[in-house]
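Data from data24.cif: mmCIF, C-alpha atoms
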```cif
data_final
#
loop_
_atom_site.label_atom_id
_atom_site.label_comp_id
_atom_site.auth_asym_id
_atom_site.auth_seq_id
_atom_site.Cartn_x
_atom_site.Cartn_y
_atom_site.Cartn_z
CA MET A 1384 -26.16 44.44 40.52
CA PRO A 1385 -22.63 45.00 41.77
CA ASN A 1386 -20.14 45.03 38.94
CA ILE A 1387 -16.42 44.46 38.80
CA ARG A 1388 -15.74 48.13 39.57
CA ASN A 1389 -17.54 47.93 42.92
CA TYR A 1390 -15.41 44.97 43.94
CA GLY A 1391 -12.28 46.70 42.69
CA GLU A 1392 -13.13 49.79 44.71
CA LEU A 1393 -13.55 47.72 47.91
CA PHE A 1394 -10.21 46.06 47.26
CA LEU A 1395 -8.44 49.36 46.60
CA VAL A 1396 -9.80 51.19 49.67
CA PHE A 1397 -8.63 48.41 51.99
CA PHE A 1398 -5.36 47.97 50.12
CA LYS A 1399 -4.66 51.64 50.84
CA ILE A 1400 -5.57 51.19 54.53
CA GLY A 1401 -3.38 48.09 54.72
CA ALA A 1402 -0.43 49.80 53.08
CA PHE A 1403 -0.36 52.95 55.18
CA THR A 1404 -1.25 51.95 58.71
CA PHE A 1405 1.70 51.21 60.87
CA GLY A 1406 1.35 49.52 64.20
CA GLY A 1407 -1.91 47.81 63.24
CA GLY A 1408 -5.08 47.57 65.33
CA TYR A 1409 -6.10 50.71 67.11
CA ALA A 1410 -3.83 52.97 65.05
CA MET A 1411 -5.84 52.04 61.94
CA ILE A 1412 -9.26 53.03 63.28
CA PRO A 1413 -9.18 56.78 62.45
CA LEU A 1414 -7.94 56.01 58.94
CA ILE A 1415 -10.62 53.38 58.34
CA ARG A 1416 -13.30 55.79 59.60
CA ASN A 1417 -12.03 58.51 57.28
CA GLU A 1418 -12.23 56.24 54.23
CA VAL A 1419 -15.38 54.26 54.99
CA VAL A 1420 -17.56 56.85 56.76
CA LYS A 1421 -16.38 60.24 55.51
CA LYS A 1422 -15.18 59.63 51.96
CA LYS A 1423 -17.17 56.64 50.72
CA ARG A 1424 -20.20 56.90 53.04
CA TRP A 1425 -20.53 53.11 53.11
CA LEU A 1426 -21.44 53.26 56.80
CA ASN A 1427 -22.74 56.07 59.03
CA ASP A 1428 -21.12 56.91 62.37
CA ASN A 1429 -23.48 54.71 64.39
CA GLU A 1430 -22.93 51.71 62.16
CA PHE A 1431 -19.21 52.32 62.37
CA MET A 1432 -19.28 52.23 66.18
CA ASP A 1433 -21.39 49.04 66.09
CA MET A 1434 -18.90 47.50 63.69
CA LEU A 1435 -15.95 48.36 65.95
CA ALA A 1436 -17.68 46.69 68.90
CA ILE A 1437 -18.22 43.54 66.83
CA ALA A 1438 -14.72 43.60 65.31
CA GLN A 1439 -13.26 43.66 68.81
CA SER A 1440 -15.58 40.95 70.14
CA ILE A 1441 -14.55 38.22 67.74
CA PRO A 1442 -11.02 36.80 67.47
CA GLY A 1443 -8.51 37.88 64.85
CA PRO A 1444 -6.83 41.15 63.90
CA ILE A 1445 -9.19 44.11 64.28
CA ALA A 1446 -8.17 45.51 60.88
CA LEU A 1447 -9.13 42.26 59.15
CA ASN A 1448 -12.43 42.00 61.03
CA THR A 1449 -13.26 45.57 60.07
CA ALA A 1450 -12.46 44.93 56.40
CA LEU A 1451 -14.56 41.75 56.41
CA PHE A 1452 -17.52 43.53 57.99
CA VAL A 1453 -17.50 46.47 55.56
CA GLY A 1454 -17.03 44.18 52.55
CA ASN A 1455 -19.87 41.91 53.66
CA LYS A 1456 -22.27 44.80 54.43
CA ARG A 1457 -21.58 46.38 51.06
CA LEU A 1458 -21.38 43.47 48.62
CA GLY A 1459 -22.05 40.32 50.65
CA PHE A 1460 -19.68 37.38 51.14
CA LYS A 1461 -17.86 37.98 47.84
CA GLY A 1462 -17.34 41.60 48.82
CA SER A 1463 -15.73 40.50 52.09
CA LEU A 1464 -13.25 38.36 50.12
CA PHE A 1465 -12.16 41.42 48.12
CA SER A 1466 -11.84 43.72 51.14
CA ALA A 1467 -9.93 41.01 53.06
CA ALA A 1468 -7.55 40.49 50.12
CA GLY A 1469 -7.02 44.25 50.03
CA ILE A 1470 -6.10 44.52 53.71
CA ILE A 1471 -3.88 41.40 53.71
CA LEU A 1472 -1.85 41.90 50.51
CA PRO A 1473 0.27 44.98 51.38
CA SER A 1474 1.74 43.47 54.54
CA PHE A 1475 2.05 40.07 52.86
CA ILE A 1476 4.18 41.49 50.05
CA ILE A 1477 6.31 43.69 52.32
CA ILE A 1478 6.97 41.00 54.94
CA LEU A 1479 7.70 38.34 52.33
CA LEU A 1480 10.35 40.58 50.77
CA ILE A 1481 11.82 41.30 54.21
CA ALA A 1482 11.83 37.58 55.09
CA ILE A 1483 13.68 36.74 51.87
CA LEU A 1484 16.23 39.54 52.40
CA PHE A 1485 16.56 39.02 56.14
CA SER A 1486 17.27 35.31 55.82
CA GLN A 1487 20.45 36.26 53.95
CA PHE A 1488 21.51 39.11 56.25
CA SER A 1489 20.55 37.92 59.73
CA ASP A 1490 24.00 36.45 60.35
CA ASN A 1491 25.64 39.67 59.27
CA PRO A 1492 27.48 41.14 62.32
CA ILE A 1493 26.24 44.69 61.66
CA VAL A 1494 22.60 43.54 61.45
CA GLU A 1495 23.12 41.57 64.68
CA ARG A 1496 24.44 44.71 66.47
CA ILE A 1497 21.44 46.73 65.29
CA PHE A 1498 19.01 44.10 66.57
CA LYS A 1499 20.80 43.86 69.92
CA GLY A 1500 19.72 47.47 70.39
CA ILE A 1501 16.23 46.97 69.02
CA ARG A 1502 15.18 43.88 71.04
CA PRO A 1503 14.86 45.55 74.46
CA ALA A 1504 13.09 48.49 72.76
CA VAL A 1505 10.47 46.08 71.38
CA VAL A 1506 9.68 44.88 74.90
CA ALA A 1507 9.36 48.47 76.14
CA LEU A 1508 6.95 49.28 73.30
CA ILE A 1509 4.73 46.35 74.30
CA ALA A 1510 4.80 47.28 78.00
CA ALA A 1511 4.25 51.04 77.63
CA PRO A 1512 0.59 51.11 76.53
CA LEU A 1513 -0.50 48.61 79.23
CA LEU A 1514 -1.76 51.22 81.71
CA GLY A 1515 -3.83 53.11 79.16
CA LEU A 1516 -5.21 49.91 77.62
CA GLY A 1517 -6.06 48.58 81.08
CA ARG A 1518 -8.09 51.68 81.85
CA SER A 1519 -10.04 51.50 78.59
CA ALA A 1520 -10.68 47.77 79.08
CA GLY A 1521 -12.39 48.61 82.39
CA VAL A 1522 -9.71 47.18 84.71
CA ASN A 1523 -10.32 48.44 88.27
CA ARG A 1524 -9.47 47.45 91.83
CA ARG A 1525 -12.11 44.74 91.90
CA ASN A 1526 -11.01 42.90 88.76
CA LEU A 1527 -7.28 43.72 88.78
CA TRP A 1528 -6.63 40.13 89.85
CA ILE A 1529 -7.76 38.90 86.41
CA PRO A 1530 -4.95 40.47 84.31
CA VAL A 1531 -2.40 39.73 87.06
CA ALA A 1532 -3.41 36.06 87.30
CA VAL A 1533 -3.48 35.70 83.50
CA ALA A 1534 -0.04 37.28 83.06
CA LEU A 1535 1.51 35.04 85.73
CA ALA A 1536 -0.22 31.89 84.45
CA VAL A 1537 0.98 32.41 80.89
CA TRP A 1538 4.45 33.69 81.78
CA LEU A 1539 5.44 31.39 84.65
CA LEU A 1540 3.20 28.34 84.28
CA LYS A 1541 3.29 28.42 80.45
CA ILE A 1542 -0.46 27.90 80.30
CA SER A 1543 -1.77 28.27 76.76
CA PRO A 1544 -3.74 31.48 76.05
CA VAL A 1545 -6.30 29.14 74.44
CA TRP A 1546 -7.29 27.90 77.93
CA ILE A 1547 -7.24 31.46 79.30
CA ILE A 1548 -9.68 32.62 76.60
CA LEU A 1549 -12.00 29.63 77.14
CA ALA A 1550 -11.90 30.08 80.94
CA ALA A 1551 -12.66 33.80 80.62
CA ILE A 1552 -15.70 33.13 78.41
CA LEU A 1553 -16.89 30.39 80.80
CA MET A 1554 -16.50 32.67 83.84
CA GLY A 1555 -18.40 35.53 82.20
CA VAL A 1556 -21.23 33.25 81.11
CA SER A 1557 -21.55 31.43 84.44
CA HIS A 1558 -21.59 34.76 86.28
CA LEU A 1559 -24.55 35.80 84.09
CA ILE A 1560 -26.35 32.50 84.79
CA TYR A 1561 -25.80 33.08 88.52
CA LEU A 1562 -27.15 36.64 88.27
CA LYS A 1563 -30.25 35.43 86.39
CA LYS A 1564 -30.95 32.81 89.08
CA VAL A 1565 -30.60 35.41 91.86
CA MET A 1566 -32.94 37.76 89.97
CA LYS A 1567 -35.62 35.05 89.69
CA LYS A 1568 -35.64 34.59 93.47
CA MET B 318 10.08 16.29 57.96
CA GLU B 319 8.09 16.06 54.75
CA LEU B 320 7.14 19.36 53.17
CA ILE B 321 3.44 18.51 53.22
CA ASP B 322 3.58 17.75 56.98
CA LEU B 323 5.23 21.11 57.58
CA TYR B 324 2.52 22.88 55.56
CA ILE B 325 -0.20 21.10 57.56
CA ALA B 326 1.50 21.97 60.86
CA LEU B 327 1.80 25.62 59.78
CA PHE B 328 -1.86 25.70 58.79
CA ILE B 329 -3.06 24.22 62.10
CA ALA B 330 -0.83 26.43 64.25
CA PHE B 331 -1.88 29.66 62.53
CA PHE B 332 -5.55 28.67 62.33
CA LYS B 333 -5.42 28.20 66.11
CA ILE B 334 -3.73 31.59 66.49
CA GLY B 335 -6.47 33.23 64.41
CA LEU B 336 -9.25 31.41 66.27
CA PHE B 337 -8.09 32.25 69.79
CA GLY B 338 -6.50 35.61 69.02
CA PHE B 339 -8.91 37.83 70.90
CA GLY B 340 -7.88 41.44 71.39
CA GLY B 341 -5.65 41.54 68.30
CA GLY B 342 -2.06 42.78 68.15
CA TYR B 343 0.07 42.34 71.25
CA ALA B 344 -2.56 40.19 72.97
CA MET B 345 -1.92 37.52 70.32
CA LEU B 346 1.85 37.47 70.93
CA PRO B 347 1.97 34.93 73.81
CA LEU B 348 -0.07 32.45 71.76
CA ILE B 349 2.09 32.99 68.66
CA GLN B 350 5.28 32.65 70.72
CA GLN B 351 4.12 29.43 72.39
CA GLU B 352 3.16 27.89 69.06
CA VAL B 353 6.12 28.86 66.89
CA VAL B 354 8.94 28.98 69.48
CA ASP B 355 8.02 26.60 72.33
CA ILE B 356 5.92 23.93 70.63
CA HIS B 357 7.24 23.75 67.05
CA GLY B 358 10.66 25.36 67.41
CA TRP B 359 10.35 26.97 63.97
CA ILE B 360 12.30 30.04 65.14
CA THR B 361 14.30 31.11 68.19
CA VAL B 362 12.97 33.59 70.75
CA ALA B 363 15.49 36.20 69.52
CA ASP B 364 14.21 35.79 65.94
CA PHE B 365 10.67 36.09 67.27
CA THR B 366 11.55 39.40 68.90
CA ASP B 367 13.08 40.55 65.60
CA ILE B 368 9.80 39.74 63.83
CA VAL B 369 7.88 41.80 66.38
CA ALA B 370 10.34 44.65 65.76
CA ILE B 371 9.86 44.36 61.99
CA SER B 372 6.07 44.32 62.54
CA GLN B 373 6.26 47.50 64.56
CA THR B 374 8.04 49.27 61.71
CA THR B 375 6.00 47.96 58.78
CA PRO B 376 2.29 48.36 58.00
CA GLY B 377 -0.26 45.70 58.87
CA PRO B 378 -1.33 43.67 61.91
CA ILE B 379 1.31 41.67 63.82
CA ALA B 380 -0.65 38.44 63.37
CA PHE B 381 -0.37 38.69 59.56
CA ASN B 382 3.22 39.80 59.68
CA SER B 383 4.34 36.92 61.87
CA ALA B 384 2.33 34.40 59.82
CA THR B 385 3.89 35.61 56.56
CA TYR B 386 7.40 35.70 58.01
CA ILE B 387 7.32 32.40 59.90
CA GLY B 388 5.52 30.60 57.05
CA TYR B 389 8.47 31.47 54.84
CA SER B 390 11.34 31.00 57.29
CA ALA B 391 10.10 27.72 58.83
CA VAL B 392 10.10 26.15 55.35
CA THR B 393 13.41 27.57 54.11
CA GLU B 394 15.17 26.81 57.42
CA MET B 395 14.32 23.15 56.81
CA GLY B 396 16.35 23.34 53.60
CA PHE B 397 13.52 23.74 51.09
CA ALA B 398 13.84 26.25 48.24
CA HIS B 399 12.54 29.85 48.34
CA GLY B 400 9.49 29.04 46.20
CA TYR B 401 8.27 26.51 48.78
CA GLY B 402 8.82 29.17 51.44
CA VAL B 403 6.51 31.55 49.58
CA VAL B 404 3.83 28.82 49.54
CA GLY B 405 4.34 28.28 53.30
CA SER B 406 3.97 32.00 53.79
CA ALA B 407 0.67 32.06 51.88
CA ILE B 408 -0.65 29.02 53.79
CA ALA B 409 0.11 30.54 57.20
CA THR B 410 -1.37 33.92 56.25
CA LEU B 411 -4.57 32.32 54.92
CA ALA B 412 -4.83 30.09 57.99
CA VAL B 413 -4.59 33.02 60.41
CA SER B 414 -7.29 34.92 58.47
CA LEU B 415 -9.72 32.04 57.99
CA PRO B 416 -11.37 32.00 61.47
CA SER B 417 -12.16 35.73 61.14
CA LEU B 418 -13.67 35.17 57.69
CA VAL B 419 -15.93 32.38 58.93
CA LEU B 420 -16.96 34.14 62.15
CA MET B 421 -17.57 37.52 60.51
CA THR B 422 -19.67 35.91 57.78
CA LEU B 423 -21.79 34.23 60.47
CA VAL B 424 -22.11 37.46 62.42
CA CYS B 425 -23.14 39.44 59.33
CA THR B 426 -25.65 36.79 58.26
CA PHE B 427 -27.25 35.73 61.53
CA PHE B 428 -26.63 37.82 64.56
CA PHE B 429 -25.91 41.37 63.65
CA ARG B 430 -27.24 42.32 67.10
CA LEU B 431 -24.30 40.61 68.74
CA LYS B 432 -23.11 43.76 70.48
CA ASN B 433 -26.29 44.00 72.57
CA ASN B 434 -26.33 40.30 73.33
CA ALA B 435 -26.20 39.70 77.09
CA TRP B 436 -24.09 36.53 76.75
CA MET B 437 -21.58 38.33 74.56
CA GLN B 438 -21.38 41.21 77.04
CA ALA B 439 -20.94 38.81 79.96
CA SER B 440 -18.07 37.03 78.18
CA LEU B 441 -16.40 40.31 77.27
CA SER B 442 -16.55 41.56 80.87
CA VAL B 443 -13.98 38.90 81.78
CA LEU B 444 -12.26 38.63 78.37
CA LYS B 445 -11.25 42.30 78.25
CA PRO B 446 -9.25 42.33 81.52
CA ALA B 447 -7.85 38.89 80.61
CA ILE B 448 -6.56 40.33 77.32
CA ILE B 449 -4.64 43.00 79.27
CA GLY B 450 -3.02 40.12 81.20
CA LEU B 451 -2.07 38.47 77.89
CA ILE B 452 -0.36 41.64 76.68
CA ALA B 453 1.53 41.88 79.99
CA SER B 454 2.63 38.26 79.61
CA ALA B 455 3.86 39.04 76.07
CA ALA B 456 6.20 41.66 77.55
CA LEU B 457 7.28 39.34 80.41
CA MET B 458 7.99 36.40 78.09
CA LEU B 459 10.28 38.58 75.99
CA MET B 460 12.19 39.85 79.05
CA ASN B 461 14.72 37.04 78.85
CA GLY B 462 18.43 36.47 78.47
CA TYR B 463 18.27 36.49 74.68
CA ASN B 464 16.82 39.97 74.42
CA PHE B 465 18.41 41.46 77.56
CA ILE B 466 22.07 40.59 77.28
CA ASP B 467 23.63 43.18 79.61
CA TYR B 468 23.03 46.45 81.49
CA LYS B 469 22.97 48.36 78.18
CA SER B 470 19.84 46.46 77.17
CA TRP B 471 18.11 47.66 80.33
CA ILE B 472 19.16 51.26 79.67
CA ILE B 473 17.65 51.07 76.16
CA PHE B 474 14.52 49.47 77.65
CA GLY B 475 14.14 52.25 80.26
CA VAL B 476 14.71 55.10 77.81
CA VAL B 477 12.28 53.68 75.22
CA LEU B 478 9.65 52.97 77.92
CA VAL B 479 9.71 56.59 79.14
CA ALA B 480 9.82 58.02 75.59
CA SER B 481 6.91 55.81 74.54
CA LEU B 482 4.84 56.96 77.53
CA LYS B 483 5.62 60.52 76.36
CA LYS B 484 4.03 59.55 73.01
CA VAL B 485 7.21 59.51 70.92
CA ASP B 486 6.57 57.71 67.61
CA PRO B 487 7.33 53.96 67.98
CA ILE B 488 8.92 53.69 64.52
CA LEU B 489 11.36 56.49 65.39
CA LEU B 490 12.15 54.73 68.70
CA ILE B 491 12.94 51.45 66.92
CA LEU B 492 15.21 53.21 64.43
CA LEU B 493 17.00 55.09 67.22
CA SER B 494 17.52 51.96 69.31
CA GLY B 495 18.95 50.25 66.21
CA VAL B 496 21.46 53.07 65.93
CA ALA B 497 22.15 52.75 69.67
CA GLY B 498 22.83 49.03 69.20
CA LEU B 499 25.25 49.78 66.39
CA LEU B 500 27.15 52.29 68.56
CA LEU B 501 27.01 50.41 71.89
CA TYR B 502 27.98 46.93 70.71
CA SER B 503 31.16 45.99 68.93
CA THR B 504 31.61 42.92 66.82
#
```

Starting from the file, lay out its structure as C-alpha cells.
Amino acid sequence: MPNIRNYGELFLVFFKIGAFTFGGGYAMIPLIRNEVVKKKRWLNDNEFMDMLAIAQSIPGPIALNTALFVGNKRLGFKGSLFSAAGIILPSFIIILLIAILFSQFSDNPIVERIFKGIRPAVVALIAAPLLGLGRSAGVNRRNLWIPVAVALAVWLLKISPVWIILAAILMGVSHLIYLKKVMKK
Amino acid sequence: MELIDLYIALFIAFFKIGLFGFGGGYAMLPLIQQEVVDIHGWITVADFTDIVAISQTTPGPIAFNSATYIGYSAVTEMGFAHGYGVVGSAIATLAVSLPSLVLMTLVCTFFFRLKNNAWMQASLSVLKPAIIGLIASAALMLMNGYNFIDYKSWIIFGVVLVASLKKVDPILLILLSGVAGLLLYST
C-alpha cells in the first residue's frame, strides 16, 4: 500500500525538476533521467527511452508528460496527480510573482529599454536550434517541403496549427493505408 | 465582459493549446500567439515576446509559463482585482495541463505499446517535420515591426543567433541583450 510518504516523494522529486530546469523540454531530459533512473530507480533505461517516445508522441509539454507517466507507473492515477502538481507548481509560483510585479513595471521607461534589446534576441533563440532539431526530426530532401509549407501556411496565411496537426496525422495515416493496399496486391 | 465569461474563454483557449500542442516548447508558440494575441487580443505581440523572454530565463515549460502569465494579465487588464487574476492564472494553467493528464492516463491504462503502434508511427512521420515548420513559423511571426524597431534590433538578432549556434547559454544571452537595450536606446 502506498502511503503519504510515497506520494510526497513523487511530488518532491518533480518539484525539484520543475524548479531547476531552465528552457524546458529537451533541456530537462538529462535531469529527469538522473533523478528517476539513477537515483530513485523507478524506471530502468529501456523504460525511460520508451517513456520519452510516448511523452513526445502525445500533445502537451514534454516535462509534464514525463511527470505524468512516471507518477502513473509508480502509484497509479493518484500518483500522476502528485507528480504533475510537483512539476507545475515551481513555474506557476515564479511566473505569477513576475506577472504581478511586471504589470506594475512594464510602463517603466528603463524596463522598456531593456526589453527593446531582449525582443530580437528572443527571436534569434527560437530560430537558432531549427537546423539541429530538423535533423533529429528526420527532415531530409524528400520531406523538406513539409516544414517549409507549414511555416508559410501559419506565418503568411494565418492557418491555425490545429488544422496543421490534424492534416499531418491524416496524411501519415492515409499513407499507411495506401502502403497496406499496395502490399496486399 | 463578465468575469465568468473571461474565465471560460481562458479555459477553452488553453485547453485547445494543450490538446494541439504537439512537440512542446517553441512548437506551441504559433498556436498560443494566434489564440491570445490574434483571436482574443488579451495581450499585444510585444507583450507576448516579453513572456517568451521571461520563459527563457525562468524554469518550466513555455506552455505553463504563458498560461500562468496570460491567465493573470488578461483578467487584471480588464480591470479586475489581483485576486481574480490569480484565479485566472490557475484556470489557464490547469486547462493547458488537462489534455496531457487525460491522454497520459489513457496511454498508461490501455495502450502502453503505443510507441510500436504502426498508426502512431505513420502519424509521427509527418507530424515531426510539421513541428519543425511550426517552430520556424514561431520565429517568423515574431519578426515584426514591434520586435524589430530599427537596425540595432537586427544587429542584436544577428549576434545572438551566431552566439546561440556557438552554444552560448541562452539565459546569459538574454541578460546581455537586455544590457545592450539599456545602452543602445535612450528614453

Hey, what's within 10 Å of segment 417-428 of chain B if we count only C-alpha atoms and toss same-chain stuff fewer than 4 positions away? As JSON, numbers by chain, please? {"A": [1437, 1438, 1441, 1442, 1443, 1444, 1445, 1447, 1448, 1449, 1450, 1451, 1452, 1453, 1455, 1456, 1459, 1460, 1463, 1464, 1467], "B": [332, 335, 336, 338, 411, 412, 413, 432, 434]}

So that each row is one residue of chain B with an atom at most 6 Å from chain A, can you give its shortest atom pair and the distance in Å to one decimal, using all atoms listed in the file, rows by chain and rising number, as JSON lines?
```
{"residue": "B:Gly335", "atom": "CA", "partner": "A:Gly1443", "partner_atom": "CA", "distance": 5.1}
{"residue": "B:Leu336", "atom": "CA", "partner": "A:Pro1442", "partner_atom": "CA", "distance": 5.8}
{"residue": "B:Phe337", "atom": "CA", "partner": "A:Val1545", "partner_atom": "CA", "distance": 5.9}
{"residue": "B:Gly338", "atom": "CA", "partner": "A:Pro1442", "partner_atom": "CA", "distance": 4.9}
{"residue": "B:Phe339", "atom": "CA", "partner": "A:Pro1442", "partner_atom": "CA", "distance": 4.2}
{"residue": "B:Gly341", "atom": "CA", "partner": "A:Pro1444", "partner_atom": "CA", "distance": 4.6}
{"residue": "B:Leu348", "atom": "CA", "partner": "A:Pro1544", "partner_atom": "CA", "distance": 5.7}
{"residue": "B:Ala370", "atom": "CA", "partner": "A:Val1505", "partner_atom": "CA", "distance": 5.8}
{"residue": "B:Gln373", "atom": "CA", "partner": "A:Gly1406", "partner_atom": "CA", "distance": 5.3}
{"residue": "B:Thr375", "atom": "CA", "partner": "A:Phe1405", "partner_atom": "CA", "distance": 5.8}
{"residue": "B:Pro376", "atom": "CA", "partner": "A:Phe1405", "partner_atom": "CA", "distance": 4.1}
{"residue": "B:Gly377", "atom": "CA", "partner": "A:Gly1407", "partner_atom": "CA", "distance": 5.1}
{"residue": "B:Pro378", "atom": "CA", "partner": "A:Gly1407", "partner_atom": "CA", "distance": 4.4}
{"residue": "B:Tyr386", "atom": "CA", "partner": "A:Ala1482", "partner_atom": "CA", "distance": 5.6}
{"residue": "B:Ser417", "atom": "CA", "partner": "A:Gly1443", "partner_atom": "CA", "distance": 5.6}
{"residue": "B:Ala439", "atom": "CA", "partner": "A:Gly1555", "partner_atom": "CA", "distance": 4.7}
{"residue": "B:Ser440", "atom": "CA", "partner": "A:Gly1555", "partner_atom": "CA", "distance": 4.3}
{"residue": "B:Val443", "atom": "CA", "partner": "A:Ala1551", "partner_atom": "CA", "distance": 5.4}
{"residue": "B:Leu444", "atom": "CA", "partner": "A:Ala1551", "partner_atom": "CA", "distance": 5.3}
{"residue": "B:Lys445", "atom": "CA", "partner": "A:Ala1520", "partner_atom": "CA", "distance": 5.6}
{"residue": "B:Pro446", "atom": "CA", "partner": "A:Pro1530", "partner_atom": "CA", "distance": 5.5}
{"residue": "B:Ala447", "atom": "CA", "partner": "A:Pro1530", "partner_atom": "CA", "distance": 5.0}
{"residue": "B:Ile449", "atom": "CA", "partner": "A:Pro1530", "partner_atom": "CA", "distance": 5.6}
{"residue": "B:Gly450", "atom": "CA", "partner": "A:Pro1530", "partner_atom": "CA", "distance": 3.7}
{"residue": "B:Leu451", "atom": "CA", "partner": "A:Ala1534", "partner_atom": "CA", "distance": 5.7}
{"residue": "B:Ala453", "atom": "CA", "partner": "A:Ala1534", "partner_atom": "CA", "distance": 5.7}
{"residue": "B:Ser454", "atom": "CA", "partner": "A:Ala1534", "partner_atom": "CA", "distance": 4.5}
{"residue": "B:Ala456", "atom": "CA", "partner": "A:Val1506", "partner_atom": "CA", "distance": 5.4}
{"residue": "B:Met458", "atom": "CA", "partner": "A:Trp1538", "partner_atom": "CA", "distance": 5.8}
{"residue": "B:Asn464", "atom": "CA", "partner": "A:Arg1502", "partner_atom": "CA", "distance": 5.4}
{"residue": "B:Ser470", "atom": "CA", "partner": "A:Pro1503", "partner_atom": "CA", "distance": 5.7}
{"residue": "B:Phe474", "atom": "CA", "partner": "A:Pro1503", "partner_atom": "CA", "distance": 5.1}
{"residue": "B:Val477", "atom": "CA", "partner": "A:Ala1504", "partner_atom": "CA", "distance": 5.8}
{"residue": "B:Leu478", "atom": "CA", "partner": "A:Ala1507", "partner_atom": "CA", "distance": 4.8}
{"residue": "B:Leu482", "atom": "CA", "partner": "A:Ala1511", "partner_atom": "CA", "distance": 6.0}
{"residue": "B:Ile491", "atom": "CA", "partner": "A:Ile1501", "partner_atom": "CA", "distance": 5.9}
{"residue": "B:Ser494", "atom": "CA", "partner": "A:Gly1500", "partner_atom": "CA", "distance": 5.1}
{"residue": "B:Gly495", "atom": "CA", "partner": "A:Ile1497", "partner_atom": "CA", "distance": 4.4}
{"residue": "B:Ala497", "atom": "CA", "partner": "A:Gly1500", "partner_atom": "CA", "distance": 5.9}
{"residue": "B:Gly498", "atom": "CA", "partner": "A:Gly1500", "partner_atom": "CA", "distance": 3.7}
{"residue": "B:Leu499", "atom": "CA", "partner": "A:Ile1497", "partner_atom": "CA", "distance": 5.0}
{"residue": "B:Tyr502", "atom": "CA", "partner": "A:Arg1496", "partner_atom": "CA", "distance": 6.0}
```

Mind giving me the straight-line distance from atom CA of Pro416 of chain B to atom CA of Gln351 of chain B in Å, one decimal?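 According to the coordinates, atom CA of Pro416 of chain B and atom CA of Gln351 of chain B are separated by 19.1 Å.
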
In Å, how far is it from atom CA of Val403 of chain B to atom CA of Tyr389 of chain B? 5.6 Å

Of the listed residues B:Ala384, B:Ala326, B:Val369, B:Met395, that which approaches Ala409 of chain B most closely, counting all atoms listed in the file: B:Ala384

Selected residue, from B:Leu493, B:Val353, B:Leu441, B:Ala435, that lies nearest to Gly340 of chain B when counting all atoms listed in the file: B:Leu441

Rounded to one decimal, what separation in Å do you get between atom CA of Gly1462 of chain A and atom CA of Tyr1390 of chain A?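 Computing the Euclidean distance for atom CA of Gly1462 of chain A and atom CA of Tyr1390 of chain A yields 6.2 Å.
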
Exactly which residues make up the result of the PyMOL selection byres ((chain A and resi 1393) around 8) on this file, given as an mmCIF file with C-alpha atoms, in the coordinates of the input?
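The result, stored in result04.cif:
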```cif
data_model
loop_
_atom_site.group_PDB
_atom_site.id
_atom_site.type_symbol
_atom_site.label_atom_id
_atom_site.label_comp_id
_atom_site.auth_asym_id
_atom_site.auth_seq_id
_atom_site.Cartn_x
_atom_site.Cartn_y
_atom_site.Cartn_z
ATOM 1 C CA ASN A 1389 -17.540 47.930 42.920
ATOM 2 C CA TYR A 1390 -15.410 44.970 43.940
ATOM 3 C CA GLY A 1391 -12.280 46.700 42.690
ATOM 4 C CA GLU A 1392 -13.130 49.790 44.710
ATOM 5 C CA PHE A 1394 -10.210 46.060 47.260
ATOM 6 C CA LEU A 1395 -8.440 49.360 46.600
ATOM 7 C CA VAL A 1396 -9.800 51.190 49.670
ATOM 8 C CA PHE A 1397 -8.630 48.410 51.990
ATOM 9 C CA GLY A 1454 -17.030 44.180 52.550
ATOM 10 C CA GLY A 1462 -17.340 41.600 48.820
ATOM 11 C CA PHE A 1465 -12.160 41.420 48.120
ATOM 12 C CA SER A 1466 -11.840 43.720 51.140
ATOM 13 C CA GLY A 1469 -7.020 44.250 50.030
#
```

For Gly462 of chain B, which of B:Val362, B:Pro347, B:Val496, B:Val485 is the closest residue, counting all atoms listed in the file? B:Val362

List as a PyMOL selection string: which residues have an atom within 10 Å of (-0.5, 24.4, 55.5), counting only C-alpha atoms? chain B and resi 320-332+388+404-412

Any chance you can output those residues with C-alpha atoms as a tab-separated table (two decimals), keeping the file's coordinate frame?
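To be explicit, this is the file written out as out.tsv:
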```tsv
chain	number	residue	atom	x	y	z
B	320	LEU	CA	7.14	19.36	53.17
B	321	ILE	CA	3.44	18.51	53.22
B	322	ASP	CA	3.58	17.75	56.98
B	323	LEU	CA	5.23	21.11	57.58
B	324	TYR	CA	2.52	22.88	55.56
B	325	ILE	CA	-0.20	21.10	57.56
B	326	ALA	CA	1.50	21.97	60.86
B	327	LEU	CA	1.80	25.62	59.78
B	328	PHE	CA	-1.86	25.70	58.79
B	329	ILE	CA	-3.06	24.22	62.10
B	330	ALA	CA	-0.83	26.43	64.25
B	331	PHE	CA	-1.88	29.66	62.53
B	332	PHE	CA	-5.55	28.67	62.33
B	388	GLY	CA	5.52	30.60	57.05
B	404	VAL	CA	3.83	28.82	49.54
B	405	GLY	CA	4.34	28.28	53.30
B	406	SER	CA	3.97	32.00	53.79
B	407	ALA	CA	0.67	32.06	51.88
B	408	ILE	CA	-0.65	29.02	53.79
B	409	ALA	CA	0.11	30.54	57.20
B	410	THR	CA	-1.37	33.92	56.25
B	411	LEU	CA	-4.57	32.32	54.92
B	412	ALA	CA	-4.83	30.09	57.99
```

Any chance you could work out the residue set of the PyMOL selection byres ((chain B and resi 359) around 8) here, as a VMD selection string? chain B and resid 353 to 354 357 to 358 360 to 361 387 390 to 391
